[in-house]
Amino acid sequence: MTRTEGTPIVAGIDPDPGKRTALAWAADEADRRHLPLLLVLAQNVPTPGYRPAGGLPSWEEWNKALHASGERVLKEAVAFVESRHPQVPVSGLLAEGHPAWVLREQAQNATEVVLGSWHLSALQELFTSAAVTLPLIAHAPCPVVVVPESEHITQQPPYFVVGVDGSPHSAAAVDFAFEETALRGAILRALYVWHPPRLGVLDEDAAAQDCRRLLSETVAGRTAAHPEVELHHEVVQGHPVQVLAKASEHALGLVVGTRGHGGFTGMLLGSVSQGVLHYARCPVITVPHAHDQ
């Protein structure tokens, strides 16, 4: 495969040139996978009928200035990637529209979409113009990587964490986690988090044994496909979001399915997926099930 073949890694660019952590992650990923990198900057623009009073710029002037600023941001981002990985083919796209919908469109032909996160509160995530992450993950047909802007401290030897619950969504996450771990030469920790019902169960030992069986069935066969990956798997009791966030605190990344047994019927994004996006301090990779694509 040449470096210009294959669907690209797509990176959502922040206008702030000081925020480069997600861009660096995307560039490194494109280099590891021998894929091109597409940098996307989405800009919301005022409507054509906008005519501010008081001598402020007209819509045409504002739009022109916004476009020039966006081109400059993209040029600087491309230069950053070229200096980090000169062998990675990189291009830029300046698009008008809400970032969530622009990136969703680009995700239709992407291997992964990478964007930054600043740990917005739940209310901020839902009710401000920065609400990009959840709509994108809910609809993207490819994995979405959300990288915290502040770099976290990883441990040696390096490891990934993947959440397993026996659902098809977590099976897809496990597949991707093995692939990503193999690319990094890291260790993979597969965690089945058992959260007992509020009223308890009649036989906790039997329930725990059932969890271990589901975990073993989910990882079965994948170790043969990736014999180079050192796998650690365990069943942990507790709240899935808290356990996964804690386990991945110093990980290279946390991989989860977009939905699972812990979600609520009718929700586009599972409750665990949403929770770890708010609480995890490492990159979070959400992987859709094949039927969602």
# chains A, B, ... in the order shown; residues from 1 in each chain; ligands from 1
call {"tool": "residues_around", "arguments": {"residues": "region 76-78 of chain A", "least_positions_apart": "6", "cutoff": "8 Å", "atoms": "only C-alpha atoms", "output": "list in words"}}
result
Ile13, Pro17, Leu23, Leu39, Val90, Ser91 and Gly92 of chain A
call {"tool": "select_by_dssp", "arguments": {"residues": "region 51-286 of chain A", "states": "strand (DSSP E or B)", "output": "PyMOL selection string"}}
result
chain A and resi 90-96+112-117+144-148+159-164+187-194+230-237+253-257+284-286
call {"tool": "closest_residue", "arguments": {"among": "A:Pro157, A:Gln106, A:His232, A:Gly116", "to": "Pro141 (chain A)", "atoms": "only C-alpha atoms"}}
result
A:Gln106
call {"tool": "closest_residue", "arguments": {"among": "A:Ala177, A:Val272, A:Val284, A:Val256", "to": "His226 (chain A)", "atoms": "only C-alpha atoms"}}
result
A:Ala177
call {"tool": "closest_residue", "arguments": {"among": "A:Ala11, A:Leu41, A:Leu103, A:Val146", "to": "Leu277 (chain A)", "atoms": "only C-alpha atoms"}}
result
A:Val146
call {"tool": "residues_around", "arguments": {"residues": "Ala190 (chain A)", "least_positions_apart": "5", "cutoff": "8 Å", "atoms": "only C-alpha atoms", "output": "list in words"}}
result
Val161, Val162, Gly163, Val164, Val174, Leu231, His232, His233 and Glu234 of chain A
call {"tool": "atom_distance", "arguments": {"atom1": "CA of Leu66 (chain A)", "atom2": "CA of Leu37 (chain A)"}}
result
23.6 Å
call {"tool": "residues_around", "arguments": {"residues": "Asp14 (chain A)", "least_positions_apart": "4", "cutoff": "12 Å", "atoms": "only C-alpha atoms", "output": "list in words"}}
result
Gly18, Lys19, Arg20, Thr21, Ala22, Leu23, Leu39, Val40, Leu41, Ala42, Gln43, Gly70, Val73, Leu74, Glu76, Ala77, Leu94, Pro99, Val114, Leu115, Gly116, Ser117, Trp118, Ala130, Val132 and Glu149 of chain A
call {"tool": "select_by_dssp", "arguments": {"residues": "region 6-196 of chain A", "states": "helix (DSSP H, G or I)", "output": "ChimeraX atom specification"}}
result
/A:21-33,59-84,99-107,122-127,133-139,168-184
call {"tool": "closest_residue", "arguments": {"among": "A:Pro143, A:Pro135, A:Pro227, A:Gly221", "to": "Gly257 (chain A)", "atoms": "only C-alpha atoms"}}
result
A:Pro143
call {"tool": "atom_distance", "arguments": {"atom1": "CA of Gly12 (chain A)", "atom2": "CA of Ala245 (chain A)"}}
result
23.9 Å
call {"tool": "closest_residue", "arguments": {"among": "A:Ala247, A:Val193, A:Ala172, A:Ala206", "to": "Val235 (chain A)", "atoms": "only C-alpha atoms"}}
result
A:Val193
call {"tool": "atom_distance", "arguments": {"atom1": "CA of Leu214 (chain A)", "atom2": "CA of His195 (chain A)"}}
result
14.5 Å
